[in-house]
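**Q** Contents of entry.txt (compact mmCIF, C-alpha atoms) are given next:
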# COMPACT_ATOMS: atom_id res chain seq x y z
CA MET F 137 -5.86 -10.76 39.62
CA TYR F 138 -3.02 -11.28 37.15
CA ASN F 139 0.54 -9.98 37.41
CA VAL F 140 1.83 -8.83 34.02
CA LYS F 141 5.49 -7.86 33.59
CA SER F 142 6.10 -5.02 31.15
CA LEU F 143 9.41 -5.64 29.39
CA SER F 144 9.39 -2.46 27.30
CA THR F 145 7.45 0.80 26.90
CA LYS F 146 7.09 -0.18 23.24
CA HIS F 147 4.91 -3.15 24.20
CA SER F 148 1.14 -3.15 24.87
CA LEU F 149 -1.66 -5.01 26.61
CA ALA F 150 -5.23 -5.94 25.61
CA LEU F 151 -7.90 -6.95 28.14
CA PHE F 152 -11.13 -8.78 27.50
CA ALA F 153 -13.69 -10.96 29.30
CA ASN F 154 -15.86 -13.58 27.63
CA SER F 155 -19.27 -14.41 29.10
CA ASP F 156 -22.71 -15.80 28.34
CA PRO F 157 -25.33 -13.63 26.56
CA ILE F 158 -27.20 -12.85 29.80
CA SER F 159 -24.14 -11.50 31.58
CA MET F 160 -22.94 -9.74 28.42
CA MET F 161 -26.14 -7.72 28.21
CA LEU F 162 -27.15 -7.27 31.85
CA LYS F 163 -23.97 -7.29 33.95
CA LYS F 164 -20.92 -5.09 34.33
CA TYR F 165 -17.59 -5.74 36.01
CA SER F 166 -14.77 -3.45 37.11
CA LEU F 167 -11.56 -3.61 35.08
CA LEU F 168 -8.57 -2.30 37.03
CA VAL F 169 -4.94 -2.04 36.01
CA ILE F 170 -2.39 -0.79 38.55
CA ASN F 171 1.05 0.20 37.29
CA PRO F 172 4.42 -0.51 39.01
CA LYS F 173 4.19 2.76 40.96
CA GLY F 174 0.77 1.88 42.39
CA HIS F 175 -1.32 4.23 40.22
CA TYR F 176 -4.31 3.28 38.07
CA THR F 177 -3.70 2.94 34.36
CA VAL F 178 -7.24 1.60 33.80
CA ASN F 179 -10.16 2.03 36.20
CA THR F 180 -13.48 1.49 34.47
CA SER F 181 -16.83 -0.29 34.65
CA ILE F 182 -17.40 -2.36 31.54
CA ASN F 183 -19.63 -5.02 29.98
CA PRO F 184 -18.20 -8.40 28.96
CA GLU F 185 -17.20 -8.92 25.31
CA ILE F 186 -15.72 -5.40 25.00
CA TYR F 187 -11.97 -4.88 24.59
CA ARG F 188 -9.73 -2.40 26.40
CA GLY F 189 -6.02 -1.87 25.83
CA PHE F 190 -3.07 0.46 26.28
CA LYS F 191 0.62 0.90 25.56
CA PHE F 192 2.89 0.50 28.58
CA GLY F 193 4.28 3.72 30.00
CA LEU F 194 6.59 1.98 32.47
CA LYS F 195 8.69 -1.15 32.77
CA GLY F 196 7.88 -3.45 35.66
CA THR F 197 4.95 -5.48 37.04
CA TYR F 198 1.36 -4.36 36.41
CA LYS F 199 -1.56 -5.80 38.38
CA VAL F 200 -4.66 -6.56 36.30
CA GLN F 201 -7.91 -7.11 38.19
CA PHE F 202 -11.32 -8.30 36.97
CA VAL F 203 -13.74 -7.48 39.79
CA SER F 204 -17.48 -8.06 40.31
CA ASN F 205 -19.65 -7.61 43.38
CA LYS F 206 -22.18 -10.07 41.96
CA LYS F 207 -21.72 -13.70 40.98
CA PHE F 208 -21.80 -14.36 37.23
CA LYS F 209 -19.82 -16.24 34.61
CA LEU F 210 -16.73 -14.41 33.38
CA ALA F 211 -13.69 -15.72 31.50
CA PRO F 212 -10.90 -13.08 31.56
CA TYR F 213 -8.27 -12.81 28.84
CA VAL F 214 -5.02 -10.83 29.04
CA ALA F 215 -3.07 -10.46 25.79
CA TYR F 216 0.52 -9.15 25.78
CA ARG F 217 2.05 -7.91 22.54
CA TYR F 218 5.67 -7.15 21.80
CA ASP F 219 4.62 -4.04 19.89
CA SER F 220 2.16 -1.17 20.41
CA ALA F 221 -0.75 -2.68 18.44
CA ASN F 222 -2.95 -3.21 21.52
CA SER F 223 -3.01 0.55 22.06
CA ILE F 224 -5.69 0.88 19.36
CA TYR F 225 -8.17 -0.38 21.99
CA LYS F 226 -8.37 2.97 23.74
CA THR F 227 -11.95 4.06 23.26
CA ASN F 228 -13.31 5.15 26.65
CA SER F 229 -10.23 3.79 28.43
CA LEU F 230 -7.02 5.24 29.80
CA VAL F 231 -3.65 5.41 28.11
CA GLU F 232 -0.58 5.75 30.29
CA SER F 233 2.06 8.38 29.63
CA THR F 234 5.72 7.93 30.41
CA ASP F 235 5.58 10.54 33.18
CA ASP F 236 3.21 8.21 35.08
CA GLN F 237 0.14 10.39 34.65
CA ALA F 238 -2.93 8.50 33.37
CA GLN F 239 -4.57 10.60 30.68
CA SER F 240 -8.03 10.19 29.22
CA THR F 241 -8.20 9.69 25.48
CA SER F 242 -11.11 10.73 23.36
CA GLY F 243 -13.10 8.09 21.53
CA MET F 244 -11.96 7.76 17.95
CA ASN F 245 -13.17 5.86 14.94
CA GLN F 246 -10.79 3.21 13.73
CA SER F 247 -10.57 0.55 11.07
CA ASP F 248 -10.92 -3.15 11.79
CA SER F 249 -8.65 -4.22 14.63
CA GLN F 250 -5.22 -5.34 13.54
CA ILE F 251 -4.97 -7.30 16.76
CA ASN F 252 -7.75 -9.76 16.30
CA GLY F 253 -7.48 -10.39 12.58
CA GLY F 254 -10.14 -7.85 11.73
CA GLN F 255 -12.68 -9.53 14.00
CA THR F 256 -13.45 -6.48 16.13
CA PHE F 257 -14.79 -3.03 15.31
CA ASP F 258 -14.75 0.24 17.25
CA ASP F 259 -18.48 0.86 17.56
CA SER F 260 -18.57 4.23 19.29
CA PRO F 261 -19.62 4.92 21.97
CA TYR F 262 -19.63 1.26 23.07
CA GLY F 263 -15.99 0.41 22.32
CA ASP F 264 -14.32 -2.48 20.49
CA LEU F 265 -16.90 -5.24 19.92
CA ILE F 266 -16.46 -8.70 18.43
CA ARG F 267 -17.94 -8.72 14.94
CA PRO F 268 -20.61 -11.35 14.27
CA SER F 269 -19.76 -13.95 11.64
CA TRP F 270 -22.97 -13.06 9.78
CA GLY F 271 -21.99 -9.40 9.38
CA SER F 272 -24.88 -7.05 8.63
CA GLY F 273 -26.92 -9.89 7.12
CA VAL F 274 -28.76 -12.76 8.81
CA VAL F 275 -28.03 -16.47 9.21
CA SER F 276 -31.59 -17.43 8.33
CA THR F 277 -34.92 -15.74 7.82
CA PRO F 278 -37.08 -16.20 10.94
CA THR F 279 -40.29 -18.15 10.57
CA SER F 280 -41.90 -16.26 13.45
CA SER F 281 -41.43 -13.07 15.42
CA GLN F 282 -42.30 -14.95 18.64
CA LEU F 283 -39.44 -16.21 20.81
CA THR F 284 -39.08 -17.76 24.23
CA VAL F 285 -36.45 -16.16 26.46
CA ALA F 286 -34.10 -19.10 25.79
CA GLN F 287 -34.51 -18.57 22.03
CA LEU F 288 -33.95 -14.83 22.52
CA TYR F 289 -30.56 -15.36 24.19
CA ASP F 290 -29.58 -17.97 21.61
CA GLN F 291 -29.77 -15.21 18.99
CA PHE F 292 -26.55 -13.71 20.43
CA THR F 293 -24.43 -16.89 20.30
CA ASP F 294 -21.82 -17.07 17.55
CA ASN F 295 -19.23 -19.88 17.40
CA GLY F 296 -18.78 -20.12 21.15
CA HIS F 297 -18.80 -16.35 21.70
CA SER F 298 -21.53 -13.97 22.71
CA VAL F 299 -21.94 -11.06 20.32
CA TYR F 300 -23.96 -7.85 20.32
CA SER F 301 -25.92 -8.90 17.27
CA MET F 302 -29.03 -10.94 16.46
CA LYS F 303 -28.48 -13.73 13.96
CA SER F 304 -32.01 -13.75 12.49
CA TYR F 305 -33.38 -10.22 12.98
CA VAL F 306 -32.38 -6.79 11.71
CA VAL F 307 -32.89 -3.21 12.84
CA GLY F 308 -36.59 -2.31 12.90
CA ASP F 309 -37.89 -5.86 13.46
CA VAL F 310 -40.25 -6.35 16.39
CA ILE F 311 -39.85 -9.51 18.48
CA HIS F 312 -42.62 -10.88 20.65
CA VAL F 313 -41.17 -12.55 23.75
CA HIS F 314 -43.55 -15.21 25.08
CA ASP F 315 -42.59 -17.45 28.00
CA GLN F 316 -43.91 -18.84 31.25
CA ILE F 317 -42.48 -17.42 34.49
CA SER F 318 -40.81 -20.10 36.64
CA SER F 319 -39.48 -17.96 39.52
CA LEU F 320 -38.89 -14.39 40.71
CA ASP F 321 -35.96 -12.96 42.67
CA TYR F 322 -36.13 -9.44 44.10
CA ASP F 323 -32.82 -7.72 44.97
CA ASN F 324 -33.36 -5.04 47.59
CA THR F 325 -29.88 -3.57 47.04
CA SER F 326 -30.44 -2.76 43.38
CA ASN F 327 -34.24 -2.50 43.69
CA SER F 328 -34.67 -4.81 40.72
CA THR F 329 -36.38 -8.14 40.06
CA GLN F 330 -34.93 -11.04 38.08
CA VAL F 331 -37.68 -12.93 36.26
CA TYR F 332 -36.81 -16.54 35.35
CA PHE F 333 -38.53 -18.65 32.69
CA ALA F 334 -39.61 -22.19 31.91
CA SER F 335 -37.74 -22.35 28.59
CA ASN F 336 -34.46 -22.36 30.53
CA PRO F 337 -34.33 -22.14 34.35
CA ASP F 338 -31.04 -20.19 34.21
CA ASP F 339 -32.29 -17.49 31.82
CA PHE F 340 -33.78 -14.29 33.17
CA LEU F 341 -34.80 -10.75 32.32
CA GLU F 342 -34.35 -8.06 34.95
CA PHE F 343 -36.65 -5.12 35.58
CA ASN F 344 -36.69 -2.10 37.86
CA GLY F 345 -38.60 -2.35 41.13
CA ASN F 346 -40.21 -5.12 43.15
CA LEU F 347 -42.42 -7.19 40.84
CA THR F 348 -43.09 -10.06 43.24
CA ARG F 349 -46.65 -8.81 43.78
CA THR F 350 -47.22 -7.85 40.15
CA LEU F 351 -46.04 -11.13 38.61
CA LYS F 352 -46.58 -14.69 39.82
CA VAL F 353 -45.00 -18.06 39.06
CA GLY F 354 -47.01 -19.63 36.23
CA ASP F 355 -47.89 -16.28 34.63
CA THR F 356 -47.04 -15.84 30.97
CA LEU F 357 -44.80 -12.98 29.97
CA ASN F 358 -45.80 -11.27 26.73
CA LYS F 359 -43.51 -8.43 25.76
CA ASN F 360 -42.64 -6.77 22.47
CA MET F 361 -39.03 -5.73 21.84
CA ARG F 362 -37.90 -3.66 18.86
CA VAL F 363 -34.46 -4.38 17.39
CA GLU F 364 -32.24 -1.26 17.46
CA GLN F 365 -28.78 -0.48 16.14
CA MET F 366 -25.87 -0.02 18.53
CA GLY F 367 -23.64 2.90 17.62
CA ASN F 368 -22.58 3.49 14.03
CA ASN F 369 -22.50 -0.04 12.60
CA SER F 370 -25.57 -2.00 11.49
CA GLU F 371 -23.83 -5.30 12.28
CA PHE F 372 -24.52 -4.61 15.95
CA ARG F 373 -28.23 -4.76 16.70
CA ILE F 374 -30.01 -5.75 19.89
CA PRO F 375 -33.56 -5.47 21.29
CA ASP F 376 -34.46 -2.13 22.85
CA TYR F 377 -34.77 -3.79 26.28
CA PHE F 378 -31.04 -4.65 26.29
CA LYS F 379 -30.02 -1.38 24.65
CA TYR F 380 -31.73 0.49 27.50
CA VAL F 381 -29.55 -1.36 30.02
CA MET F 382 -26.40 -0.64 27.97
CA ASP F 383 -27.26 3.05 27.54
CA HIS F 384 -28.23 3.61 31.19
CA ASN F 385 -25.11 2.22 32.87
CA GLY F 386 -26.66 -1.05 33.98
CA GLU F 387 -30.01 0.33 35.15
CA TYR F 388 -33.01 -1.82 34.28
CA PRO F 389 -36.19 -0.64 32.50
CA ASN F 390 -39.59 -0.62 34.10
CA PHE F 391 -41.78 -3.63 33.42
Please go through the file and, once you have read it, give me the structure as structure tokens.

**A**
Amino acid sequence: MYNVKSLSTKHSLALFANSDPISMMLKKYSLLVINPKGHYTVNTSINPEIYRGFKFGLKGTYKVQFVSNKKFKLAPYVAYRYDSANSIYKTNSLVESTDDQAQSTSGMNQSDSQINGGQTFDDSPYGDLIRPSWGSGVVSTPTSSQLTVAQLYDQFTDNGHSVYSMKSYVVGDVIHVHDQISSLDYDNTSNSTQVYFASNPDDFLEFNGNLTRTLKVGDTLNKNMRVEQMGNNSEFRIPDYFKYVMDHNGEYPNF
């Protein structure tokens, strides 16, 4: 939790959480902002690497909370501006009015963010995403469509950030994921199984249901994933497995 003091109703706040590619794709956290009168200005479930922001409606101390009921890596950022520029980050978030009533705002298309030097884009309906340095092109032409799970997640790493874009594959490409299973972890609460792999013991894919009798340690996973576009910008493209999780509010696909 962070205490942020609003000095003026002309100022604004941007909120963001950096994470690794696994958490970015497969995990959500709760982003809460409580205003000086104890009411929610922001109360949403969100994936890492997506911005939210609003213009202050009150002067005083706001409480900003990044909350997760599961353990995963998350690096929160809170950016205060002495103008209203952060209010452009209002897709699928709340904007506070001066009469202390939180009002929903409709998603709107916008130009490159003025806040982050043009490095983010409002990719409806997903929100403000960090733009990949390679744009709609690729860093290099892949020599093979086959990837281990570690290589798959490496596709989303860009200069220390995780991005919703593959550096070597474009929309329509089919990737063959081939890796040896090193361990399985079934979560009864979510009724899902995390499947870990030999290429990196920390990397996993998660699927619906209990797969501990279907899959065994030492088995080889062979799975095709088609690269699909996120929203209305071809710069953002991810395998259909991850897009399913994004589009179904954190639910996992069947194996």

**Q** Segment 159-165 of chain F: which residues within 8 Å, counting only C-alpha atoms, same-chain residues fewer than 4 positions away excluded, as a list in words?

**A**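 The filter keeps Ser155, Ser181, Ile182, Asn183, Pro184, Glu185, Phe202, Val203, Ser204, Asn205, Phe208, Lys209, Ser298, Glu342, Phe378, Val381, Met382 and Gly386 of chain F.
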
**Q** Give me, as a list in words, all polymer residues having an atom no more than 9 Å from Val214 of chain F, counting all atoms listed in the file and skipping those fewer than 3 positions away in the same chain.

**A**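 Here the qualifying residues turn out to be Tyr138, Val140, Leu149, Ala150, Leu151, Phe152, Ala153 and Val200 of chain F.
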
**Q** Mind pulling up the distance from atom CA of Leu265 of chain F to atom CA of Lys195 of chain F?

**A**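 We find that atom CA of Lys195 of chain F and atom CA of Leu265 of chain F lie 28.9 Å from each other.
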
**Q** So, counting all atoms listed in the file, which residue among F:His147, F:Thr197, F:Glu387, F:Asp355 is closest to Ser326 of chain F?

**A**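 Closest to Ser326 of chain F of all the choices is F:Glu387.
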
**Q** One decimal, Å: what's the distance from atom CA of Gln282 of chain F over to atom CA of Ile311 of chain F, could you say?

**A** 6.0 Å

**Q** Can you list, as a list in words, every protein, DNA or RNA residue that comes within 12 Å of Tyr305 of chain F when you count only C-alpha atoms, leaving out same-chain residues fewer than 6 positions away?

**A**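 Here the answer would be Trp270, Gly271, Ser272, Gly273, Val274, Val275, Ser276, Thr277, Pro278, Thr279, Ser280, Ser281, Gln282, Leu283, Leu288, Gln291, Phe292, Ile311, Met361, Arg362, Val363, Glu364, Gln365, Ser370, Glu371, Phe372, Arg373, Ile374 and Pro375 of chain F.
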
**Q** Start from the incomplete input, build N, CA, C and O atoms for segment 292-304 of chain F, and deliver everything as a PDB file, keeping the file's coordinate frame.

**A**
ATOM      1  N   PHE F 292     -27.813 -14.434  20.257  1.00  0.00           N
ATOM      2  CA  PHE F 292     -26.550 -13.710  20.430  1.00  0.00           C
ATOM      3  C   PHE F 292     -25.334 -14.632  20.481  1.00  0.00           C
ATOM      4  O   PHE F 292     -24.230 -14.183  20.745  1.00  0.00           O
ATOM      5  N   THR F 293     -25.525 -15.920  20.240  1.00  0.00           N
ATOM      6  CA  THR F 293     -24.430 -16.890  20.300  1.00  0.00           C
ATOM      7  C   THR F 293     -23.833 -17.093  18.922  1.00  0.00           C
ATOM      8  O   THR F 293     -24.544 -17.357  17.955  1.00  0.00           O
ATOM      9  N   ASP F 294     -22.507 -16.978  18.848  1.00  0.00           N
ATOM     10  CA  ASP F 294     -21.820 -17.070  17.550  1.00  0.00           C
ATOM     11  C   ASP F 294     -20.489 -17.814  17.734  1.00  0.00           C
ATOM     12  O   ASP F 294     -19.517 -17.250  18.220  1.00  0.00           O
ATOM     13  N   ASN F 295     -20.462 -19.082  17.355  1.00  0.00           N
ATOM     14  CA  ASN F 295     -19.230 -19.880  17.400  1.00  0.00           C
ATOM     15  C   ASN F 295     -18.544 -19.858  18.765  1.00  0.00           C
ATOM     16  O   ASN F 295     -17.337 -19.646  18.877  1.00  0.00           O
ATOM     17  N   GLY F 296     -19.333 -20.052  19.802  1.00  0.00           N
ATOM     18  CA  GLY F 296     -18.780 -20.120  21.150  1.00  0.00           C
ATOM     19  C   GLY F 296     -18.609 -18.781  21.832  1.00  0.00           C
ATOM     20  O   GLY F 296     -18.231 -18.728  23.004  1.00  0.00           O
ATOM     21  N   HIS F 297     -18.869 -17.690  21.120  1.00  0.00           N
ATOM     22  CA  HIS F 297     -18.800 -16.350  21.700  1.00  0.00           C
ATOM     23  C   HIS F 297     -20.193 -15.749  21.798  1.00  0.00           C
ATOM     24  O   HIS F 297     -21.110 -16.144  21.082  1.00  0.00           O
ATOM     25  N   SER F 298     -20.318 -14.786  22.682  1.00  0.00           N
ATOM     26  CA  SER F 298     -21.530 -13.970  22.710  1.00  0.00           C
ATOM     27  C   SER F 298     -21.229 -12.678  21.964  1.00  0.00           C
ATOM     28  O   SER F 298     -20.162 -12.087  22.136  1.00  0.00           O
ATOM     29  N   VAL F 299     -22.146 -12.260  21.120  1.00  0.00           N
ATOM     30  CA  VAL F 299     -21.940 -11.060  20.320  1.00  0.00           C
ATOM     31  C   VAL F 299     -23.139 -10.126  20.460  1.00  0.00           C
ATOM     32  O   VAL F 299     -24.253 -10.568  20.754  1.00  0.00           O
ATOM     33  N   TYR F 300     -22.898  -8.847  20.236  1.00  0.00           N
ATOM     34  CA  TYR F 300     -23.960  -7.850  20.320  1.00  0.00           C
ATOM     35  C   TYR F 300     -24.673  -7.748  18.970  1.00  0.00           C
ATOM     36  O   TYR F 300     -24.695  -6.711  18.321  1.00  0.00           O
ATOM     37  N   SER F 301     -25.251  -8.867  18.560  1.00  0.00           N
ATOM     38  CA  SER F 301     -25.920  -8.900  17.270  1.00  0.00           C
ATOM     39  C   SER F 301     -26.898 -10.069  17.242  1.00  0.00           C
ATOM     40  O   SER F 301     -26.615 -11.130  17.801  1.00  0.00           O
ATOM     41  N   MET F 302     -28.039  -9.870  16.585  1.00  0.00           N
ATOM     42  CA  MET F 302     -29.030 -10.940  16.460  1.00  0.00           C
ATOM     43  C   MET F 302     -28.830 -11.639  15.127  1.00  0.00           C
ATOM     44  O   MET F 302     -28.683 -10.997  14.084  1.00  0.00           O
ATOM     45  N   LYS F 303     -28.816 -12.970  15.167  1.00  0.00           N
ATOM     46  CA  LYS F 303     -28.480 -13.730  13.960  1.00  0.00           C
ATOM     47  C   LYS F 303     -29.623 -13.813  12.957  1.00  0.00           C
ATOM     48  O   LYS F 303     -29.387 -14.093  11.785  1.00  0.00           O
ATOM     49  N   SER F 304     -30.867 -13.572  13.388  1.00  0.00           N
ATOM     50  CA  SER F 304     -32.010 -13.750  12.490  1.00  0.00           C
ATOM     51  C   SER F 304     -32.876 -12.509  12.324  1.00  0.00           C
ATOM     52  O   SER F 304     -33.856 -12.545  11.571  1.00  0.00           O
TER      53      SER F 304
END
